>>> print(open('model.txt').read())   # compact mmCIF, C-alpha atoms
# COMPACT_ATOMS: atom_id res chain seq x y z
CA MET X 1 0.00 0.00 0.00
CA LYS X 2 1.31 3.42 -0.91
CA TRP X 3 1.55 6.14 1.76
CA THR X 4 -0.95 8.28 -0.16
CA ASN X 5 -3.56 5.51 0.09
CA ALA X 6 -2.86 4.99 3.79
CA ARG X 7 -3.39 8.63 4.80
CA PRO X 8 -7.20 8.57 4.67
CA VAL X 9 -7.27 5.29 6.59
CA LEU X 10 -4.91 6.68 9.21
CA TRP X 11 -6.91 9.90 9.49
CA VAL X 12 -10.21 8.03 9.87
CA SER X 13 -8.67 5.64 12.40
CA ALA X 14 -7.18 8.48 14.43
CA THR X 15 -10.45 10.41 14.32
CA LEU X 16 -12.51 7.42 15.41
CA CYS X 17 -10.05 6.59 18.20
CA SER X 18 -10.10 10.18 19.44
CA ALA X 19 -13.89 10.23 19.41
CA ALA X 20 -14.07 6.90 21.22
CA ILE X 21 -11.63 8.07 23.87
CA ALA X 22 -13.47 11.36 24.36
CA PHE X 23 -16.83 9.59 24.52
CA SER X 24 -15.72 6.87 26.93
CA ALA X 25 -13.69 9.16 29.17
CA GLY X 26 -16.72 11.32 29.89
CA GLY X 27 -19.24 8.52 29.99
CA GLY X 28 -20.95 9.98 26.95
CA ILE X 29 -21.26 13.27 25.17
CA GLN X 30 -20.35 16.08 27.52
CA GLN X 31 -22.98 18.69 28.21
CA GLU X 32 -22.43 22.19 29.46
CA PRO X 33 -22.73 22.31 33.24
CA SER X 34 -26.01 23.68 34.53
CA LYS X 35 -26.13 26.91 36.51
CA GLY X 36 -26.70 24.87 39.69
CA GLU X 37 -23.60 22.78 39.03
CA ILE X 38 -21.54 25.89 38.37
CA ILE X 39 -22.74 27.45 41.64
CA MET X 40 -22.01 24.22 43.52
CA ASN X 41 -18.51 24.00 42.04
CA SER X 42 -17.68 27.60 42.90
CA SER X 43 -19.45 27.82 46.27
CA CYS X 44 -19.15 24.35 47.80
CA MET X 45 -16.18 22.59 46.28
CA GLY X 46 -13.66 25.04 47.72
CA CYS X 47 -14.24 23.52 51.16
CA HIS X 48 -15.86 20.15 50.47
CA GLU X 49 -14.88 17.15 48.42
CA TYR X 50 -17.51 15.95 45.99
CA ARG X 51 -18.07 12.73 48.02
CA THR X 52 -19.24 14.81 50.97
CA ILE X 53 -21.94 16.36 48.81
CA GLN X 54 -22.70 13.18 46.90
CA THR X 55 -23.50 11.11 49.97
CA GLN X 56 -25.93 13.49 51.70
CA ALA X 57 -29.16 12.47 49.90
CA LEU X 58 -31.15 15.33 51.44
CA ASP X 59 -34.56 16.64 50.44
CA LEU X 60 -35.25 20.27 49.53
CA GLU X 61 -35.68 21.30 53.16
CA GLY X 62 -32.53 19.47 54.23
CA TRP X 63 -30.40 21.00 51.49
CA THR X 64 -31.83 24.45 52.24
CA LYS X 65 -30.91 24.15 55.92
CA LEU X 66 -27.46 22.80 55.13
CA VAL X 67 -26.64 25.45 52.53
CA ASN X 68 -27.92 28.22 54.83
CA SER X 69 -25.70 26.90 57.64
CA MET X 70 -22.74 26.93 55.25
CA ILE X 71 -23.54 30.53 54.27
CA GLU X 72 -23.53 31.43 57.97
CA LYS X 73 -20.06 29.87 58.16
CA GLY X 74 -18.83 31.95 55.24
CA ALA X 75 -19.82 30.16 52.04
CA GLN X 76 -20.18 32.61 49.21
CA VAL X 77 -23.61 32.08 47.66
CA LYS X 78 -25.51 35.02 46.19
CA LYS X 79 -29.05 35.34 47.48
CA GLU X 80 -30.48 34.94 43.96
CA ASP X 81 -28.37 31.79 43.44
CA LEU X 82 -29.60 30.03 46.58
CA PRO X 83 -32.81 28.54 45.06
CA VAL X 84 -30.90 27.40 41.96
CA LEU X 85 -28.20 25.72 44.07
CA VAL X 86 -30.67 24.02 46.40
CA ALA X 87 -32.80 22.80 43.47
CA TYR X 88 -29.70 21.37 41.77
CA LEU X 89 -28.49 19.65 44.94
CA THR X 90 -31.94 18.18 45.55
CA GLU X 91 -32.24 16.91 41.98
CA GLN X 92 -28.73 15.48 41.73
CA HIS X 93 -28.10 14.47 45.33
CA GLY X 94 -31.63 14.32 46.63
CA PRO X 95 -33.53 12.14 49.00
CA LEU X 96 -33.63 8.38 48.99
CA PRO X 97 -36.15 6.08 50.63
CA ASP X 98 -35.24 5.17 54.18
CA GLY X 99 -34.11 1.65 54.84
CA ALA X 100 -31.21 -0.48 55.95
CA GLY X 101 -29.54 -0.39 52.53
CA LYS X 102 -29.58 3.40 52.10
CA LYS X 103 -26.27 3.96 53.87
CA ILE X 104 -24.63 1.07 52.03
CA MET X 105 -25.87 2.42 48.69
CA LEU X 106 -24.54 5.89 49.47
CA GLU X 107 -21.18 4.58 50.61
CA VAL X 108 -20.61 1.90 47.96
CA CYS X 109 -22.65 2.57 44.83
CA THR X 110 -21.99 6.31 44.64
CA MET X 111 -18.27 5.67 44.58
CA CYS X 112 -18.74 5.20 40.83
CA HIS X 113 -22.36 6.10 40.04
CA GLU X 114 -24.50 9.21 40.41
CA LEU X 115 -27.76 8.78 42.32
CA HIS X 116 -29.91 9.47 39.26
CA ARG X 117 -28.29 6.54 37.45
CA ILE X 118 -29.18 4.21 40.32
CA ARG X 119 -32.70 5.67 40.67
CA ASP X 120 -33.38 5.40 36.95
CA THR X 121 -32.20 1.80 36.58
CA GLY X 122 -35.48 0.22 37.65
CA ALA X 123 -34.55 -3.45 37.82
CA THR X 124 -36.14 -6.62 39.10
CA ARG X 125 -34.67 -8.36 42.14
CA GLU X 126 -32.90 -10.84 39.87
CA GLU X 127 -31.50 -8.02 37.73
CA TRP X 128 -30.28 -6.14 40.81
CA ASP X 129 -28.64 -9.34 42.02
CA ASP X 130 -26.82 -9.67 38.67
CA ILE X 131 -25.86 -5.99 38.73
CA LEU X 132 -24.43 -6.24 42.24
CA VAL X 133 -22.44 -9.37 41.38
CA HIS X 134 -21.09 -7.57 38.31
CA MET X 135 -20.18 -4.52 40.41
CA ILE X 136 -18.33 -6.71 42.92
CA ASN X 137 -16.41 -8.24 40.00
CA GLU X 138 -15.57 -4.68 38.92
CA GLY X 139 -14.18 -3.94 42.37
CA ALA X 140 -17.10 -2.58 44.39
CA PRO X 141 -16.25 -3.01 48.09
CA LEU X 142 -19.52 -4.71 48.99
CA THR X 143 -19.20 -7.21 51.82
CA ASP X 144 -21.02 -10.54 52.04
CA ASP X 145 -22.98 -9.18 55.00
CA ASP X 146 -24.01 -5.99 53.15
CA PHE X 147 -24.92 -7.71 49.87
CA PRO X 148 -28.41 -8.98 50.89
CA ILE X 149 -29.21 -5.72 52.69
CA LEU X 150 -28.38 -3.65 49.62
CA LEU X 151 -30.11 -6.11 47.31
CA ASN X 152 -33.32 -5.92 49.35
CA TYR X 153 -33.13 -2.11 49.45
CA LEU X 154 -32.61 -1.78 45.70
CA ALA X 155 -35.24 -4.38 44.80
CA ARG X 156 -37.82 -2.76 47.08
CA ASN X 157 -37.20 0.85 46.10
CA PHE X 158 -35.95 0.86 42.51
CA ARG X 159 -38.21 -1.56 40.62
CA PRO X 160 -39.09 -1.42 36.93
CA ARG X 161 -41.67 1.23 36.10
>>> encode(input="model.txt", output="structure tokens")
Amino acid sequence: MKWTNARPVLWVSATLCSAAIAFSAGGGIQQEPSKGEIIMNSSCMGCHEYRTIQTQALDLEGWTKLVNSMIEKGAQVKKEDLPVLVAYLTEQHGPLPDGAGKKIMLEVCTMCHELHRIRDTGATREEWDDILVHMINEGAPLTDDDFPILLNYLARNFRPR
């Protein structure tokens, strides 16, 4: 094959590889951050790691109280940005049903997954069992004691719609 014939193949291969890397690195096509995410990043992330925020699972009232207490401690949130921030936190890191598996889910599952991904999965008990086994094989630190507790929690609260 002559070099001139190889150039288009190399260009297409390089382009496809770059696109695949960009797509897989971000878990999909990247979207612009929402105003709530921008406010969270600038107002909260200076003092808190993302895991601290990610594992709260508060409702609107809980996030409002928490953010107001942070403002009292010096967090810089404009008054007009407060409802946007609290709505974002509630949507992305909002409440979960109470139950024995809630804490396990927040500590283990959110190490890799956002709450909305877990909430939106909607699986049967058997599917959750398969998912959890797969996650353990991927390195999730789920103990034998915690497995049935988390399985019951997921199967009870995140069923198919």
>>> closest_residue(input="model.txt", among="X:Val86, X:Met105, X:Ile149, X:Leu142", to="Thr64 in chain X", atoms="all atoms listed in the file")
X:Val86
>>> atom_distance(input="model.txt", atom1="CA of Thr143 in chain X", atom2="CA of Thr55 in chain X")
18.9 Å
>>> residues_around(input="model.txt", residues="Phe147 in chain X", least_positions_apart="5", cutoff="12 Å", atoms="all atoms listed in the file", output="list in words")
Ala100, Gly101, Ile104, Met105, Val108, Cys109, Trp128, Asp129, Asp130, Ile131, Leu132, Val133, Met135, Ile136, Ala140, Pro141, Leu142, Asn152, Tyr153, Leu154 and Ala155 of chain X
>>> atom_distance(input="model.txt", atom1="CA of Lys78 in chain X", atom2="CA of Glu32 in chain X")
21.3 Å
>>> atom_distance(input="model.txt", atom1="CA of Arg125 in chain X", atom2="CA of Glu107 in chain X")
20.5 Å
>>> residues_around(input="model.txt", residues="range 60-63 of chain X", least_positions_apart="4", cutoff="8 Å", atoms="all atoms listed in the file", output="PyMOL selection string")
chain X and resi 67+86-87+89-90+94
>>> closest_residue(input="model.txt", among="X:His134, X:Ala75, X:Lys65, X:Pro148", to="Cys44 in chain X", atoms="all atoms listed in the file")
X:Ala75
>>> closest_residue(input="model.txt", among="X:Glu72, X:Asp59, X:Glu49, X:Glu80", to="Gln92 in chain X", atoms="only C-alpha atoms")
X:Asp59
>>> residues_around(input="model.txt", residues="Lys35 in chain X", least_positions_apart="6", cutoff="9 Å", atoms="all atoms listed in the file", output="PyMOL selection string")
chain X and resi 81+84-85+88
